[in-house]
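Text of the file entry26.csv, holding CSV, C-alpha atoms:
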```
chain,number,residue,atom,x,y,z
A,323,MET,CA,42.1,73.7,115.7
A,324,ASN,CA,43.3,77.3,115.4
A,325,ASP,CA,47.1,78.0,115.2
A,326,PRO,CA,48.5,79.4,118.4
A,327,ILE,CA,48.9,83.2,118.5
A,328,GLU,CA,51.9,85.1,120.0
A,329,GLN,CA,52.1,88.9,120.8
A,330,PHE,CA,55.1,91.1,120.1
A,331,ASP,CA,55.7,94.8,119.8
A,332,VAL,CA,57.8,94.5,116.7
A,333,VAL,CA,58.4,91.5,114.3
A,334,VAL,CA,61.4,91.8,112.0
A,335,ILE,CA,61.5,89.6,108.9
A,336,GLY,CA,65.1,88.6,108.2
A,337,ALA,CA,68.2,88.4,110.4
A,338,GLY,CA,70.7,90.0,108.0
A,339,PRO,CA,72.4,93.3,108.8
A,340,ALA,CA,69.2,95.4,108.6
A,341,GLY,CA,67.3,92.9,110.7
A,342,ALA,CA,70.0,92.5,113.3
A,343,VAL,CA,70.7,96.3,113.6
A,344,SER,CA,67.0,97.3,113.8
A,345,SER,CA,66.1,94.6,116.3
A,346,SER,CA,69.0,95.6,118.5
A,347,LEU,CA,68.1,99.3,118.4
A,348,LEU,CA,64.5,98.6,119.3
A,349,ASN,CA,65.5,96.1,122.0
A,350,GLN,CA,67.5,98.9,123.6
A,351,LYS,CA,64.3,100.8,123.9
A,352,GLY,CA,62.7,98.0,125.8
A,353,TYR,CA,60.4,96.6,123.2
A,354,ARG,CA,59.6,92.9,122.8
A,355,ILE,CA,61.1,91.9,119.5
A,356,LEU,CA,60.9,88.8,117.4
A,357,VAL,CA,63.1,88.2,114.3
A,358,LEU,CA,61.9,85.5,111.8
A,359,GLU,CA,64.6,84.2,109.5
A,360,LYS,CA,63.9,81.7,106.8
A,361,GLN,CA,67.4,80.3,106.6
A,362,HIS,CA,69.9,79.0,109.2
A,363,PHE,CA,73.1,80.9,109.8
A,364,PRO,CA,75.8,80.8,108.7
A,365,ARG,CA,74.7,81.0,105.1
A,366,PHE,CA,76.2,82.4,102.0
A,367,SER,CA,75.4,86.0,101.0
A,368,ILE,CA,77.0,88.3,98.4
A,369,GLY,CA,77.9,91.9,99.3
A,370,GLU,CA,81.1,91.6,101.3
A,371,SER,CA,82.7,95.0,101.0
A,372,LEU,CA,81.4,97.3,103.8
A,373,LEU,CA,81.6,101.1,103.7
A,374,PRO,CA,82.9,103.2,106.6
A,375,GLN,CA,79.4,104.7,107.2
A,376,CYS,CA,78.4,101.2,108.4
A,377,MET,CA,80.6,101.5,111.4
A,378,THR,CA,78.4,104.2,112.9
A,379,TYR,CA,75.4,101.9,112.9
A,380,LEU,CA,77.4,99.0,114.3
A,381,GLU,CA,78.4,101.3,117.2
A,382,GLN,CA,74.7,102.3,117.7
A,383,ALA,CA,73.8,98.6,117.9
A,384,ASN,CA,76.6,97.8,120.3
A,385,MET,CA,78.0,95.3,117.7
A,386,LEU,CA,81.2,97.0,116.7
A,387,GLU,CA,83.5,95.4,119.3
A,388,ALA,CA,82.4,92.0,118.2
A,389,VAL,CA,83.1,92.8,114.5
A,390,GLU,CA,86.5,94.4,115.3
A,391,ALA,CA,87.5,91.3,117.2
A,392,SER,CA,86.7,89.0,114.3
A,393,ALA,CA,89.9,89.5,112.2
A,394,PHE,CA,88.1,90.7,109.1
A,395,GLN,CA,90.2,92.3,106.3
A,396,TYR,CA,90.9,96.0,107.0
A,397,LYS,CA,89.6,98.4,104.3
A,398,ASN,CA,90.5,102.0,103.8
A,399,GLY,CA,89.4,102.8,100.2
A,400,ALA,CA,88.5,101.8,96.7
A,401,ALA,CA,90.8,101.3,93.7
A,402,PHE,CA,89.8,101.5,90.1
A,403,SER,CA,91.6,100.0,87.0
A,404,ARG,CA,90.9,100.5,83.3
A,405,GLY,CA,93.5,99.3,80.8
A,406,GLU,CA,96.8,100.7,82.0
A,407,GLU,CA,95.0,103.3,84.2
A,408,TYR,CA,94.9,103.0,87.9
A,409,GLU,CA,93.3,105.4,90.4
A,410,TYR,CA,92.2,105.1,94.1
A,411,PHE,CA,90.2,106.9,96.7
A,412,ASP,CA,91.4,106.8,100.3
A,413,PHE,CA,88.4,107.0,102.6
A,414,ARG,CA,90.4,108.5,105.3
A,415,GLU,CA,90.8,111.6,103.1
A,416,LYS,CA,87.2,112.6,102.7
A,417,PHE,CA,84.8,115.6,103.0
A,418,SER,CA,82.5,114.2,105.6
A,419,ALA,CA,83.2,113.6,109.3
A,420,GLY,CA,83.1,110.0,110.5
A,421,TRP,CA,84.8,106.7,110.1
A,422,GLY,CA,87.3,106.5,107.3
A,423,THR,CA,88.0,102.7,107.5
A,424,THR,CA,86.0,99.6,107.7
A,425,PHE,CA,86.2,95.9,106.7
A,426,GLN,CA,85.9,93.4,103.8
A,427,VAL,CA,83.9,90.6,105.3
A,428,GLN,CA,82.8,87.1,104.4
A,429,ARG,CA,79.0,87.6,104.9
A,430,ASP,CA,78.3,84.1,106.3
A,431,ASN,CA,80.5,84.9,109.3
A,432,PHE,CA,79.7,88.6,109.5
A,433,ASP,CA,75.9,88.2,109.4
A,434,LYS,CA,76.1,85.4,112.0
A,435,ILE,CA,78.2,87.7,114.3
A,436,LEU,CA,75.5,90.4,114.1
A,437,ALA,CA,72.7,88.0,114.7
A,438,ASP,CA,74.6,86.4,117.6
A,439,GLU,CA,75.1,89.8,119.2
A,440,ALA,CA,71.5,90.7,118.8
A,441,GLN,CA,70.6,87.5,120.6
A,442,LYS,CA,73.1,88.2,123.4
A,443,GLN,CA,71.3,91.5,123.9
A,444,GLY,CA,68.0,89.8,124.4
A,445,VAL,CA,66.5,89.7,120.9
A,446,GLN,CA,64.6,86.5,120.1
A,447,ILE,CA,65.6,85.1,116.6
A,448,ARG,CA,63.9,82.0,115.1
A,449,PHE,CA,65.9,80.5,112.3
A,450,GLY,CA,64.2,78.3,109.7
A,451,HIS,CA,60.9,80.2,110.2
A,452,THR,CA,59.1,81.6,107.1
A,453,VAL,CA,56.4,84.2,106.9
A,454,ILE,CA,53.7,82.9,104.6
A,455,ALA,CA,51.0,85.6,105.0
A,456,CYS,CA,50.6,89.1,106.4
A,457,ASP,CA,47.2,90.6,107.2
A,458,PRO,CA,46.1,93.9,108.7
A,459,LEU,CA,44.4,94.0,112.1
A,460,THR,CA,43.2,96.9,114.1
A,461,ASN,CA,46.4,98.8,115.0
A,462,LYS,CA,48.4,95.6,114.4
A,463,ARG,CA,49.7,93.2,111.8
A,464,GLN,CA,49.0,89.4,111.8
A,465,LEU,CA,51.7,87.2,110.4
A,466,SER,CA,51.2,83.5,109.6
A,467,VAL,CA,54.5,81.6,110.1
A,468,GLN,CA,55.7,78.2,109.2
A,469,SER,CA,58.9,76.5,110.5
A,470,ASP,CA,61.0,74.2,108.4
A,471,LYS,CA,59.7,71.4,110.6
A,472,GLY,CA,56.2,72.1,109.4
A,473,GLU,CA,54.9,73.9,112.6
A,474,ARG,CA,52.4,76.7,111.9
A,475,TYR,CA,51.5,79.6,114.2
A,476,GLN,CA,50.2,83.2,114.2
A,477,VAL,CA,52.1,86.3,115.4
A,478,HIS,CA,50.5,89.6,116.2
A,479,ALA,CA,52.7,92.6,116.1
A,480,LYS,CA,52.2,96.3,116.6
A,481,PHE,CA,54.7,96.9,113.8
A,482,VAL,CA,56.5,94.8,111.2
A,483,LEU,CA,59.8,95.6,109.6
A,484,ASP,CA,60.7,93.7,106.5
A,485,ALA,CA,64.5,93.1,106.3
A,486,SER,CA,64.2,90.1,104.1
A,487,GLY,CA,66.6,91.4,101.4
A,488,PHE,CA,66.1,89.9,98.0
A,489,GLY,CA,63.4,87.7,99.5
A,490,ARG,CA,61.2,90.8,99.5
A,491,VAL,CA,58.5,89.2,101.6
A,492,LEU,CA,56.1,92.1,102.1
A,493,PRO,CA,56.5,93.6,98.6
A,494,LYS,CA,55.4,90.3,97.2
A,495,MET,CA,52.6,89.7,99.6
A,496,LEU,CA,51.2,93.3,99.6
A,497,ASN,CA,51.7,93.9,95.8
A,498,LEU,CA,54.3,96.6,96.3
A,499,GLU,CA,56.8,95.6,93.7
A,500,GLN,CA,57.8,98.0,91.0
A,501,ALA,CA,60.2,97.7,88.1
A,502,SER,CA,63.5,99.5,88.5
A,503,THR,CA,64.4,102.3,86.1
A,504,LEU,CA,68.0,100.9,85.9
A,505,THR,CA,69.0,98.8,82.9
A,506,PRO,CA,68.8,95.0,83.6
A,507,ARG,CA,72.2,93.5,84.2
A,508,GLN,CA,73.5,90.2,85.3
A,509,SER,CA,76.4,89.1,87.6
A,510,ILE,CA,78.6,86.0,87.8
A,511,PHE,CA,80.5,85.6,91.0
A,512,THR,CA,82.3,83.3,93.4
A,513,HIS,CA,84.9,83.0,96.1
A,514,ILE,CA,88.4,82.1,95.2
A,515,GLN,CA,91.8,81.2,96.7
A,516,ASP,CA,93.4,84.3,95.2
A,517,ASN,CA,97.1,83.4,95.6
A,518,ILE,CA,98.1,87.0,94.9
A,519,VAL,CA,101.8,87.6,95.5
A,520,LEU,CA,102.3,90.9,93.6
A,521,PRO,CA,103.7,93.4,96.1
A,522,GLU,CA,101.9,96.3,94.4
A,523,TYR,CA,98.5,94.8,95.0
A,524,ASP,CA,96.7,96.7,97.8
A,525,ARG,CA,94.6,94.3,99.9
A,526,ASP,CA,93.2,97.2,101.9
A,527,LYS,CA,91.0,98.4,99.1
A,528,ILE,CA,88.3,96.9,96.9
A,529,LEU,CA,89.5,96.7,93.3
A,530,ILE,CA,87.0,97.7,90.6
A,531,THR,CA,88.2,96.9,87.1
A,532,VAL,CA,86.6,98.1,83.8
A,533,HIS,CA,86.7,95.8,80.9
A,534,PRO,CA,89.3,97.2,78.4
A,535,LEU,CA,86.9,97.2,75.5
A,536,HIS,CA,83.4,97.1,77.0
A,537,HIS,CA,83.2,99.9,79.5
A,538,GLU,CA,79.8,98.8,80.7
A,539,VAL,CA,81.4,95.6,81.9
A,540,TRP,CA,83.2,95.7,85.2
A,541,TYR,CA,84.7,93.3,87.8
A,542,TRP,CA,85.0,93.4,91.6
A,543,LEU,CA,87.8,91.9,93.6
A,544,ILE,CA,87.3,92.0,97.3
A,545,PRO,CA,90.1,90.5,99.3
A,546,PHE,CA,89.6,88.7,102.6
A,547,SER,CA,92.1,88.3,105.5
A,548,ASN,CA,92.6,84.6,104.9
A,549,GLY,CA,94.0,84.7,101.4
A,550,ARG,CA,90.7,84.3,99.8
A,551,ALA,CA,88.6,86.8,97.8
A,552,SER,CA,85.2,87.5,96.4
A,553,LEU,CA,85.3,87.9,92.6
A,554,GLY,CA,82.5,88.9,90.3
A,555,VAL,CA,81.7,90.4,87.0
A,556,VAL,CA,78.7,92.6,86.0
A,557,ALA,CA,77.6,92.9,82.4
A,558,PRO,CA,74.5,93.5,80.3
A,559,THR,CA,72.2,90.5,80.4
A,560,GLU,CA,72.4,89.9,76.7
A,561,LEU,CA,76.2,89.8,76.7
A,562,LEU,CA,76.4,87.1,79.3
A,563,GLU,CA,73.5,85.1,77.9
A,564,ALA,CA,75.3,85.0,74.5
A,565,MET,CA,78.4,83.4,76.1
A,566,PRO,CA,78.4,79.6,75.4
A,567,GLY,CA,80.2,78.2,78.4
A,568,SER,CA,79.2,77.3,82.0
A,569,PRO,CA,79.2,80.1,84.6
A,570,LEU,CA,82.7,79.1,85.6
A,571,ASP,CA,83.9,79.1,82.0
A,572,ASN,CA,82.4,82.4,81.3
A,573,LEU,CA,83.8,84.0,84.5
A,574,GLN,CA,87.3,82.8,83.8
A,575,GLU,CA,87.0,83.9,80.1
A,576,LEU,CA,86.0,87.4,81.2
A,577,VAL,CA,88.7,87.6,83.8
A,578,SER,CA,91.3,86.6,81.2
A,579,GLN,CA,90.1,89.7,79.3
A,580,GLY,CA,90.4,92.0,82.3
A,581,GLY,CA,93.8,93.5,81.7
A,582,GLN,CA,95.6,94.2,85.0
A,583,LEU,CA,93.0,91.9,86.8
A,584,ALA,CA,94.1,88.9,84.7
A,585,HIS,CA,97.7,89.5,85.8
A,586,ILE,CA,96.7,89.9,89.4
A,587,LEU,CA,94.7,86.6,89.4
A,588,LYS,CA,97.0,84.5,87.3
A,589,ASN,CA,97.5,82.0,90.1
A,590,ALA,CA,94.0,82.0,91.5
A,591,GLN,CA,92.2,78.8,92.3
A,592,TYR,CA,88.5,78.6,91.4
A,593,ASP,CA,87.4,76.2,94.2
A,594,THR,CA,83.9,77.4,95.0
A,595,GLN,CA,80.5,77.2,93.3
A,596,VAL,CA,80.1,80.0,90.7
A,597,ARG,CA,76.7,81.7,91.1
A,598,THR,CA,74.7,84.0,88.9
A,599,LEU,CA,72.2,86.7,89.7
A,600,GLY,CA,70.2,88.6,87.1
A,601,SER,CA,67.7,91.4,87.1
A,602,TYR,CA,68.7,92.3,90.6
A,603,SER,CA,67.8,96.0,90.5
A,604,CYS,CA,64.3,96.5,92.1
A,605,ASN,CA,62.0,99.1,93.5
A,606,VAL,CA,58.7,99.4,95.4
A,607,THR,CA,55.7,101.7,95.2
A,608,SER,CA,56.1,102.7,98.9
A,609,LEU,CA,58.7,102.1,101.6
A,610,TYR,CA,56.1,102.0,104.4
A,611,GLY,CA,52.4,101.4,105.0
A,612,GLU,CA,49.9,100.7,107.8
A,613,ASN,CA,52.1,99.3,110.7
A,614,TYR,CA,55.0,98.2,108.4
A,615,ALA,CA,58.1,99.5,106.8
A,616,LEU,CA,60.6,98.0,104.3
A,617,LEU,CA,64.3,98.0,105.0
A,618,GLY,CA,67.3,97.7,102.7
A,619,ASN,CA,67.0,95.5,99.7
A,620,ALA,CA,63.4,94.7,100.6
A,621,GLY,CA,62.7,98.2,99.4
A,622,GLU,CA,65.1,99.2,96.7
A,623,PHE,CA,68.3,97.7,95.4
A,624,LEU,CA,70.4,99.6,92.9
A,625,ASP,CA,73.6,97.9,91.8
A,626,PRO,CA,76.6,96.3,93.4
A,627,ILE,CA,79.1,98.8,91.8
A,628,PHE,CA,79.7,100.9,94.9
A,629,SER,CA,79.0,98.3,97.6
A,630,SER,CA,76.1,100.5,98.9
A,631,GLY,CA,73.7,97.6,99.8
A,632,VAL,CA,74.7,97.0,103.4
A,633,THR,CA,75.1,100.7,104.0
A,634,ILE,CA,71.6,101.5,102.8
A,635,ALA,CA,70.3,98.5,104.8
A,636,MET,CA,71.8,99.7,108.0
A,637,THR,CA,70.8,103.3,107.4
A,638,SER,CA,67.2,102.2,106.8
A,639,ALA,CA,67.4,100.1,110.0
A,640,SER,CA,68.5,103.1,112.1
A,641,LEU,CA,65.9,105.5,110.6
A,642,ALA,CA,63.1,103.0,110.9
A,643,ALA,CA,63.9,102.1,114.5
A,644,THR,CA,63.8,105.7,115.5
A,645,THR,CA,60.4,106.2,113.7
A,646,VAL,CA,58.9,103.0,115.1
A,647,HIS,CA,59.9,104.1,118.6
A,648,ARG,CA,58.1,107.4,118.2
A,649,GLN,CA,55.0,105.6,116.9
A,650,LEU,CA,54.9,102.9,119.6
A,651,SER,CA,55.4,105.7,122.2
A,652,GLY,CA,52.0,107.1,121.2
A,653,GLU,CA,53.3,109.8,118.8
A,654,GLN,CA,52.2,110.2,115.2
A,655,PRO,CA,55.3,110.3,113.1
A,656,ASP,CA,55.2,111.3,109.5
A,657,TRP,CA,56.8,108.2,107.8
A,658,GLU,CA,57.2,110.1,104.6
A,659,SER,CA,59.3,112.9,106.0
A,660,GLU,CA,60.9,111.0,108.8
A,661,TYR,CA,61.8,107.8,107.1
A,662,ALA,CA,61.2,107.6,103.3
A,663,GLU,CA,62.5,111.0,102.3
A,664,PRO,CA,65.7,110.9,104.4
A,665,LEU,CA,66.4,107.3,103.2
A,666,LYS,CA,65.9,108.4,99.6
A,667,THR,CA,68.4,111.2,99.9
A,668,GLY,CA,71.3,108.7,100.0
A,669,VAL,CA,69.6,106.3,97.5
A,670,LYS,CA,69.2,109.1,95.0
A,671,THR,CA,72.9,110.1,95.4
A,672,PHE,CA,74.1,106.5,94.9
A,673,LYS,CA,71.7,106.1,92.0
A,674,GLU,CA,73.1,109.1,90.2
A,675,PHE,CA,76.6,107.7,90.5
A,676,VAL,CA,75.5,104.2,89.5
A,677,GLU,CA,73.9,105.7,86.3
A,678,GLY,CA,77.0,107.8,85.8
A,679,TRP,CA,79.2,104.8,86.1
A,680,TYR,CA,77.5,103.0,83.3
A,681,ASP,CA,77.2,106.0,80.9
A,682,GLN,CA,80.8,106.7,81.7
A,683,ARG,CA,80.3,110.2,83.3
A,684,PHE,CA,81.6,108.9,86.6
A,685,GLN,CA,84.3,106.8,85.0
A,686,ASN,CA,85.6,110.0,83.4
A,687,VAL,CA,85.8,111.5,86.9
A,688,VAL,CA,87.4,108.5,88.5
A,689,PHE,CA,90.2,108.3,86.0
A,690,SER,CA,90.7,112.1,85.6
A,691,LYS,CA,94.1,113.4,86.4
A,692,THR,CA,92.9,117.0,86.9
A,693,LYS,CA,90.2,116.7,89.5
A,694,SER,CA,91.0,118.9,92.5
A,695,ASP,CA,91.8,117.7,96.0
A,696,ASP,CA,88.5,119.1,97.2
A,697,ILE,CA,86.5,117.3,94.5
A,698,THR,CA,88.4,114.1,95.4
A,699,ARG,CA,87.4,114.4,99.0
A,700,MET,CA,83.8,115.0,98.1
A,701,ILE,CA,83.7,111.9,95.9
A,702,SER,CA,85.6,109.9,98.4
A,703,SER,CA,82.9,110.7,101.0
A,704,ILE,CA,80.2,109.3,98.8
A,705,LEU,CA,82.2,106.2,98.0
A,706,ALA,CA,82.7,105.8,101.8
A,707,GLY,CA,78.9,105.7,102.3
A,708,TYR,CA,78.3,109.3,103.4
A,709,ALA,CA,75.6,109.7,100.8
A,710,TRP,CA,73.3,111.4,103.3
A,711,ASP,CA,75.7,114.3,104.1
A,712,THR,CA,73.9,117.2,102.5
A,713,LYS,CA,76.8,119.5,103.2
A,714,ASN,CA,78.5,117.7,100.4
A,715,PRO,CA,77.5,119.5,97.2
A,716,TYR,CA,77.3,116.2,95.3
A,717,VAL,CA,74.8,114.9,97.8
A,718,LYS,CA,72.8,118.1,98.0
A,719,ASN,CA,72.6,118.1,94.2
A,720,PRO,CA,73.8,114.8,92.7
A,721,SER,CA,73.2,116.0,89.1
A,722,ARG,CA,76.4,118.1,89.5
A,723,LEU,CA,78.1,114.9,88.5
A,724,SER,CA,77.3,115.7,84.8
A,725,THR,CA,79.0,119.1,85.0
A,726,LEU,CA,82.1,117.6,86.7
A,727,ALA,CA,82.2,114.8,84.1
A,728,GLN,CA,82.3,117.3,81.3
A,729,LEU,CA,85.2,119.1,82.9
A,730,CYS,CA,87.1,115.8,83.2
A,731,GLN,CA,86.2,114.5,79.7
A,732,GLY,CA,89.2,116.0,78.0
A,733,ASP,CA,91.7,114.3,80.3
```

In structure tokens, how does this file's structure come out?
Amino acid sequence: MNDPIEQFDVVVIGAGPAGAVSSSLLNQKGYRILVLEKQHFPRFSIGESLLPQCMTYLEQANMLEAVEASAFQYKNGAAFSRGEEYEYFDFREKFSAGWGTTFQVQRDNFDKILADEAQKQGVQIRFGHTVIACDPLTNKRQLSVQSDKGERYQVHAKFVLDASGFGRVLPKMLNLEQASTLTPRQSIFTHIQDNIVLPEYDRDKILITVHPLHHEVWYWLIPFSNGRASLGVVAPTELLEAMPGSPLDNLQELVSQGGQLAHILKNAQYDTQVRTLGSYSCNVTSLYGENYALLGNAGEFLDPIFSSGVTIAMTSASLAATTVHRQLSGEQPDWESEYAEPLKTGVKTFKEFVEGWYDQRFQNVVFSKTKSDDITRMISSILAGYAWDTKNPYVKNPSRLSTLAQLCQGD
């Protein structure tokens, strides 16, 4: 007996931020949308510090009001610590127009809010349903799906958007995976009861700390509104693999070496599972193909250093929804110039700054005392997620970072 077949205009794989936003935007255009999500929400996900650019896409998807009503931690910038040095960027003081504030969010709640809002708008989401095959048809895609109860069925879609994140469903099925050019690194992370009582600590900013001796090792501390925080360390894979303890032991040992961070977290309670993630940077040979496109981490993931993941995911969702709409309206969009190239503009900018962070060019800029107010606003814009604003000289030509770093090197 053949599996039953259902017909949709667009099937979205994954109900995270990219999947929720893209399905909402396409639903607004009147298309019949199905979202297939392997897990059940709420579920744990890392990547809790949003960038202000995200707020634009939440507005577009009519989800902002629900997010604002959810009492997430307010965020207005990013702070950096290295030894006794401390610098910060206030996102409200930036080069680009747009939002200057956002939120630090626990992703289990945040992602569920977005998915719930998409459902309220009329999007059909099936949780616990896994795509097990994807085959081309004439002008369509055929997906084979299996639920966590063992039910199997076929779905025909005029277009498929892969928003599966690190699951990378279509890249694996269609042989699109490609090694990243970034150096392999590993992360150890958890959620803690932070018990921070220091009056000088600013909960309105993510804190990024550089290891006092190993400048390629850094920590994130993302405070939540309920007295908890996300804490993690990123280091070269060989360094972490050489540490003898458990993930918890290794995380605590590295935090104890973290200078100001160790002082800030002296009363912290480690009460949640410590997780590890290695070789997370990834790429693909193409972001689109015949009746499909890849969104967010399903396409390329860089590094967690500037919290760019959700912003790239939402940007790709907005760009793809616009281009899918043109295609399903009978037009012939150029996916390279209308989707891939615009998306890569911001990815290229972030990538330059990621590489500059690890080779210390950007660290020199961050901790410079002589950078001008204009330069500070331009950098603040990129850190706030406006990596697609080509009016910003450091977006139009990201390699300018090297010249700026040289000017700051003598500080």

I'd like the contact shell of segment 676-686 of chain A - 9 Å cut-off, all atoms listed in the file, skipping same-chain residues fewer than 2 positions apart - returned as a list of chain:residue names.
A:Leu504, A:His537, A:Glu538, A:Val539, A:Leu624, A:Asp625, A:Pro626, A:Ile627, A:Phe628, A:Thr671, A:Phe672, A:Lys673, A:Glu674, A:Val688, A:Phe689, A:Ser690, A:Leu723, A:Ser724, A:Leu726, A:Ala727, A:Gln728, A:Cys730, A:Gln731, A:Gly732, A:Asp733

Identify, on the basis of all atoms listed in the file, every residue whose closest approach to Arg490 of chain A does not exceed 10 Å; exclude the query and any residue fewer than 2 positions from it along the same chain; express the result as a PyMOL selection string.
chain A and resi 335-336+484-488+492-495+498-499+604+606+616-622

Skipping near chain neighbours, those fewer than 4 positions away, what residues fall within 9 Å of segment 556-570 of chain A using all atoms listed in the file, listed as an NGL selection string?
:A and (505-512 or 536 or 538-542 or 574-575 or 592 or 595-598 or 600-601 or 626-627)

Restrict the selected residues to C-alpha atoms and save them as a PDB file, in the frame of the given file.
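Heads up, here's the output in selection.pdb:
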```pdb
ATOM      1  CA  THR A 505      69.000  98.800  82.900  1.00  0.00           C
ATOM      2  CA  PRO A 506      68.800  95.000  83.600  1.00  0.00           C
ATOM      3  CA  ARG A 507      72.200  93.500  84.200  1.00  0.00           C
ATOM      4  CA  GLN A 508      73.500  90.200  85.300  1.00  0.00           C
ATOM      5  CA  SER A 509      76.400  89.100  87.600  1.00  0.00           C
ATOM      6  CA  ILE A 510      78.600  86.000  87.800  1.00  0.00           C
ATOM      7  CA  PHE A 511      80.500  85.600  91.000  1.00  0.00           C
ATOM      8  CA  THR A 512      82.300  83.300  93.400  1.00  0.00           C
ATOM      9  CA  HIS A 536      83.400  97.100  77.000  1.00  0.00           C
ATOM     10  CA  GLU A 538      79.800  98.800  80.700  1.00  0.00           C
ATOM     11  CA  VAL A 539      81.400  95.600  81.900  1.00  0.00           C
ATOM     12  CA  TRP A 540      83.200  95.700  85.200  1.00  0.00           C
ATOM     13  CA  TYR A 541      84.700  93.300  87.800  1.00  0.00           C
ATOM     14  CA  TRP A 542      85.000  93.400  91.600  1.00  0.00           C
ATOM     15  CA  GLN A 574      87.300  82.800  83.800  1.00  0.00           C
ATOM     16  CA  GLU A 575      87.000  83.900  80.100  1.00  0.00           C
ATOM     17  CA  TYR A 592      88.500  78.600  91.400  1.00  0.00           C
ATOM     18  CA  GLN A 595      80.500  77.200  93.300  1.00  0.00           C
ATOM     19  CA  VAL A 596      80.100  80.000  90.700  1.00  0.00           C
ATOM     20  CA  ARG A 597      76.700  81.700  91.100  1.00  0.00           C
ATOM     21  CA  THR A 598      74.700  84.000  88.900  1.00  0.00           C
ATOM     22  CA  GLY A 600      70.200  88.600  87.100  1.00  0.00           C
ATOM     23  CA  SER A 601      67.700  91.400  87.100  1.00  0.00           C
ATOM     24  CA  PRO A 626      76.600  96.300  93.400  1.00  0.00           C
ATOM     25  CA  ILE A 627      79.100  98.800  91.800  1.00  0.00           C
TER      26      ILE A 627
END
```

Quick one: pull the distance between atom CA of Glu415 of chain A and atom CA of Arg699 of chain A, Å, one decimal.
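Result for atom CA of Glu415 of chain A versus atom CA of Arg699 of chain A: 6.0 Å, one decimal.
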
Would you mind telling me which residue in A:Gly611, A:Gly444, A:Pro326, A:Gly369 lies nearest to Ile544 of chain A when using all atoms listed in the file?
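Among the listed residues, the smallest separation from Ile544 of chain A belongs to A:Gly369.
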
I need the residue nearest Glu370 of chain A from this list: A:Ser466, A:Ser630, A:Thr607, A:Gln579. Use only C-alpha atoms for the distance.
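Smallest distance to Glu370 of chain A is found for A:Ser630.
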
Kindly give the distance, in Å, that separates atom CA of Phe449 of chain A and atom CA of Gly472 of chain A, rounded to a single decimal.
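These two atoms are separated by 13.2 Å.
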
Please report as a Markdown table every residue of segment 518-554 of chain A lying within 8 Å of segment 385-402 of chain A, along with the nearest atom pair and their distance in Å (one decimal), using only C-alpha atoms.
```
| residue | atom | partner | partner_atom | distance |
| --- | --- | --- | --- | --- |
| A:Arg525 | CA | A:Lys397 | CA | 7.8 |
| A:Asp526 | CA | A:Lys397 | CA | 4.5 |
| A:Lys527 | CA | A:Gly399 | CA | 4.8 |
| A:Ile528 | CA | A:Ala400 | CA | 4.9 |
| A:Leu529 | CA | A:Ala401 | CA | 4.8 |
| A:Ile530 | CA | A:Phe402 | CA | 4.7 |
| A:Thr531 | CA | A:Phe402 | CA | 5.7 |
| A:Val532 | CA | A:Phe402 | CA | 7.8 |
| A:Pro545 | CA | A:Gln395 | CA | 7.2 |
| A:Phe546 | CA | A:Gln395 | CA | 5.2 |
| A:Ser547 | CA | A:Gln395 | CA | 4.5 |
```

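Checking A:His513, A:Asn461, A:Ala642, A:Asn605 one by one against Ala501 of chain A, counting only C-alpha atoms, you find the shortest gap at A:Asn605.
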
Could you jot down the atom CA of Ile586 of chain A to atom CA of Phe411 of chain A separation for me, Å, one decimal place?
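Between atom CA of Ile586 of chain A and atom CA of Phe411 of chain A the gap works out to 19.6 Å.
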
For a quick check of understanding, using only C-alpha atoms, which of A:Leu705, A:Leu436, A:Arg404, A:Glu359 has the smallest distance to Leu535 of chain A?
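Closest to Leu535 of chain A of all the choices is A:Arg404.
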
Here's a test: counting all atoms listed in the file, identify every protein, DNA and RNA residue with an atom at most 8 Å from (66.1, 95.1, 116.9) in the file's coordinate frame, and state them as a list of chain:residue names.
A:Val334, A:Gly341, A:Ala342, A:Val343, A:Ser344, A:Ser345, A:Ser346, A:Leu347, A:Leu348, A:Asn349, A:Gln350, A:Ile355, A:Val357, A:Ala440, A:Val445, A:Ala643

Counting all atoms listed in the file, the option among A:Ile454, A:Leu372, A:Leu356, A:Met636 closest to Gly338 of chain A
A:Met636
